[in-house]
Amino acid sequence: MSAVKHFIDESVKKAEIDEFLRNEFERAGYGGVSITKTPLGTHIVVYTMRPGLVIGRGGETIRELARVLEEKFQLPNPQISVAEIEIPELIAYVVASRIASALKRGVHYRRSGYWALNQIMEAGALGAEIIISGKLRTDRARYEKFRAGYLPKSGEPARKYLRKAEVSVQLKPGILGVKVRIMPPEAKFPDQVQIVEEEIVEEEKETETANVTTEEAGEAG
């Protein structure tokens with residue numbers, strides 16, 4: 001198997017696992033999954049707002065999940081951990097699901113978009129973009145974009161830090177798509193300027209000390 005085909009197959013498998021977990025733990029506030037190959041098997045971290053629903057009573061649910069992932073997706077010796085989402089507004093899939101739920105309840109798409117965008121930025125995100133597409137006002141499909149902050153779409157920072165999610169919702173006029181992109185507060189950029197205040201304070205103290213010494217020497221003379 002070529003390297004390109006291997007990476008494609010791995011990406012497809014991860015997308016299938018992500019979709020399976022999304023449908024399985026929607027009520028638990030599913031927010032994504034991290035899959036890492038280790039010498040002992042496969043380490044899987046499931047991010048959710050309600051870890052108890054994923055773990056189950058006495059760990060029964062998580063053991064069943066490990067069995068399904070091993071048999072259905074051929075993951076060798078899956079070791080599953082559950083991580084609680086501390087700030088849901090910084091998880092792209094959680095935000096997209098909230099927007100889709102609001103649209104399903106009949107909330108206007110602009111109100112839903114601006115509300116979600118404000119929630120993301122107030123949570124400390126460096127930037128965010130929300131795109132709602134479909135038959136929003138007429139029979140002709142269009143899209144509406146909501147954007148704030150700094151959000152690069154290419155380069156190393158975008159590849160390493162950018163969080164993305166896409167969710168669709170079935171409404172009476174048709175299917176609407178919701179795309180969410182979030183740049184988290186911990187993202188670092190190569191052109192980012194850092195101001196070190198401690199050095200400035202130390203330089204000021206050294207200057208004050210030198211001035212005092214000079215004044216004392218003048219008085220002694």
# chains A, B, ... in the order shown; residues from 1 in each chain; ligands from 1
call {"tool": "residues_around", "arguments": {"residues": "A:Met49", "least_positions_apart": "6", "cutoff": "10 Å", "atoms": "only C-alpha atoms", "output": "short mmCIF file (atom, residue, chain, number, x, y, z; two decimals) with N, CA, C and O atoms, in the first residue's frame"}}
result
data_model
loop_
_atom_site.label_atom_id
_atom_site.label_comp_id
_atom_site.auth_asym_id
_atom_site.auth_seq_id
_atom_site.Cartn_x
_atom_site.Cartn_y
_atom_site.Cartn_z
N ARG A 27 -26.71 13.06 22.73
CA ARG A 27 -27.32 13.52 23.98
C ARG A 27 -26.26 13.85 25.04
O ARG A 27 -26.52 14.62 25.97
N ALA A 28 -25.07 13.30 24.90
CA ALA A 28 -24.01 13.54 25.87
C ALA A 28 -23.22 14.80 25.56
O ALA A 28 -22.27 15.13 26.27
N GLY A 29 -23.60 15.54 24.52
CA GLY A 29 -22.87 16.74 24.15
C GLY A 29 -21.53 16.43 23.53
O GLY A 29 -20.50 17.00 23.89
N TYR A 30 -21.53 15.51 22.56
CA TYR A 30 -20.30 15.07 21.90
C TYR A 30 -19.60 16.26 21.24
O TYR A 30 -20.22 17.09 20.58
N GLY A 31 -18.27 16.34 21.43
CA GLY A 31 -17.52 17.47 20.89
C GLY A 31 -16.31 17.09 20.06
O GLY A 31 -15.52 17.95 19.69
N VAL A 82 -12.27 9.45 28.39
CA VAL A 82 -13.33 10.45 28.21
C VAL A 82 -12.89 11.75 28.87
O VAL A 82 -12.54 11.77 30.05
N ALA A 83 -12.89 12.84 28.09
CA ALA A 83 -12.48 14.15 28.59
C ALA A 83 -13.68 15.09 28.58
O ALA A 83 -14.40 15.17 27.59
N GLU A 84 -13.87 15.77 29.70
CA GLU A 84 -14.99 16.71 29.80
C GLU A 84 -14.63 18.02 29.12
O GLU A 84 -13.53 18.55 29.29
N ILE A 85 -15.56 18.56 28.35
CA ILE A 85 -15.37 19.84 27.69
C ILE A 85 -15.61 20.96 28.69
O ILE A 85 -16.72 21.10 29.21
N GLU A 86 -14.59 21.75 28.98
CA GLU A 86 -14.72 22.79 29.98
C GLU A 86 -15.39 24.05 29.41
O GLU A 86 -16.18 24.70 30.08
N ILE A 87 -15.05 24.40 28.16
CA ILE A 87 -15.62 25.60 27.52
C ILE A 87 -16.27 25.16 26.21
O ILE A 87 -15.61 25.11 25.17
N PRO A 88 -17.55 24.80 26.22
CA PRO A 88 -18.22 24.30 25.00
C PRO A 88 -18.20 25.31 23.85
O PRO A 88 -18.20 24.91 22.68
N VAL A 94 -19.80 21.53 18.85
CA VAL A 94 -20.82 21.90 19.83
C VAL A 94 -21.56 23.15 19.39
O VAL A 94 -22.79 23.24 19.45
#
call {"tool": "select_by_dssp", "arguments": {"residues": "chain A", "states": "strand (DSSP E or B)", "output": "PyMOL selection string"}}
result
chain A and resi 30-38+41-48+78-84+127-134+142-149+163-170+175-183
call {"tool": "residues_around", "arguments": {"residues": "stretch 148-159 of chain A", "least_positions_apart": "5", "cutoff": "9 Å", "atoms": "only C-alpha atoms", "output": "VMD selection string"}}
result
chain A and resid 117 to 118 121 125 to 129 181 to 183 187 to 190
call {"tool": "write_last_selection", "arguments": {"atoms": "C-alpha atoms", "output": "mmCIF file, in the first residue's frame"}}
result
data_model
loop_
_atom_site.group_PDB
_atom_site.id
_atom_site.type_symbol
_atom_site.label_atom_id
_atom_site.label_comp_id
_atom_site.auth_asym_id
_atom_site.auth_seq_id
_atom_site.Cartn_x
_atom_site.Cartn_y
_atom_site.Cartn_z
ATOM 1 C CA LEU A 117 -20.500 34.288 17.169
ATOM 2 C CA ASN A 118 -20.792 36.467 20.280
ATOM 3 C CA MET A 121 -15.686 35.529 21.083
ATOM 4 C CA ALA A 125 -11.455 32.827 20.907
ATOM 5 C CA LEU A 126 -8.984 34.740 18.743
ATOM 6 C CA GLY A 127 -11.309 34.521 15.758
ATOM 7 C CA ALA A 128 -14.350 32.701 14.420
ATOM 8 C CA GLU A 129 -16.372 32.249 11.271
ATOM 9 C CA ARG A 181 -14.387 27.597 12.271
ATOM 10 C CA ILE A 182 -12.773 28.661 15.540
ATOM 11 C CA MET A 183 -9.244 29.828 16.345
ATOM 12 C CA ALA A 187 -3.020 29.417 19.165
ATOM 13 C CA LYS A 188 0.425 30.888 18.432
ATOM 14 C CA PHE A 189 1.501 32.677 15.258
ATOM 15 C CA PRO A 190 5.022 33.186 13.846
#
call {"tool": "closest_residue", "arguments": {"among": "A:Pro76, A:Gly124, A:Gly41, A:Gly174", "to": "A:Leu103", "atoms": "only C-alpha atoms"}}
result
A:Gly174
call {"tool": "residues_around", "arguments": {"residues": "A:Glu24", "least_positions_apart": "6", "cutoff": "12 Å", "atoms": "only C-alpha atoms", "output": "ChimeraX atom specification"}}
result
/A:17-18,30-31,46,48,53-54,61-62,64-65,68
call {"tool": "write_last_selection", "arguments": {"atoms": "N, CA and C atoms", "output": "compact mmCIF listing (two decimals), in the first residue's frame"}}
result
# COMPACT_ATOMS: atom_id res chain seq x y z
N ILE A 17 -15.46 7.06 12.19
CA ILE A 17 -15.54 6.92 13.64
C ILE A 17 -16.15 8.16 14.27
N ASP A 18 -15.75 9.32 13.78
CA ASP A 18 -16.28 10.58 14.30
C ASP A 18 -17.79 10.67 14.08
N TYR A 30 -21.53 15.51 22.56
CA TYR A 30 -20.30 15.07 21.90
C TYR A 30 -19.60 16.26 21.24
N GLY A 31 -18.27 16.34 21.43
CA GLY A 31 -17.52 17.47 20.89
C GLY A 31 -16.31 17.09 20.06
N VAL A 46 -12.42 10.72 23.83
CA VAL A 46 -13.73 11.24 23.43
C VAL A 46 -14.03 12.48 24.26
N THR A 48 -16.59 15.30 25.51
CA THR A 48 -18.03 15.41 25.69
C THR A 48 -18.34 16.32 26.87
N LEU A 53 -22.51 9.87 30.67
CA LEU A 53 -23.32 9.15 29.69
C LEU A 53 -22.45 8.31 28.75
N VAL A 54 -21.21 8.71 28.57
CA VAL A 54 -20.30 7.93 27.71
C VAL A 54 -19.71 6.76 28.48
N THR A 61 -20.94 1.12 29.33
CA THR A 61 -21.07 1.74 28.00
C THR A 61 -19.73 1.86 27.31
N ILE A 62 -18.70 2.25 28.05
CA ILE A 62 -17.39 2.44 27.44
C ILE A 62 -16.76 1.11 27.04
N GLU A 64 -18.52 -1.51 26.00
CA GLU A 64 -19.23 -1.88 24.78
C GLU A 64 -18.73 -1.06 23.59
N LEU A 65 -18.42 0.20 23.84
CA LEU A 65 -17.89 1.05 22.77
C LEU A 65 -16.54 0.54 22.28
N VAL A 68 -17.16 -2.40 19.99
CA VAL A 68 -17.69 -2.01 18.69
C VAL A 68 -16.59 -1.41 17.82
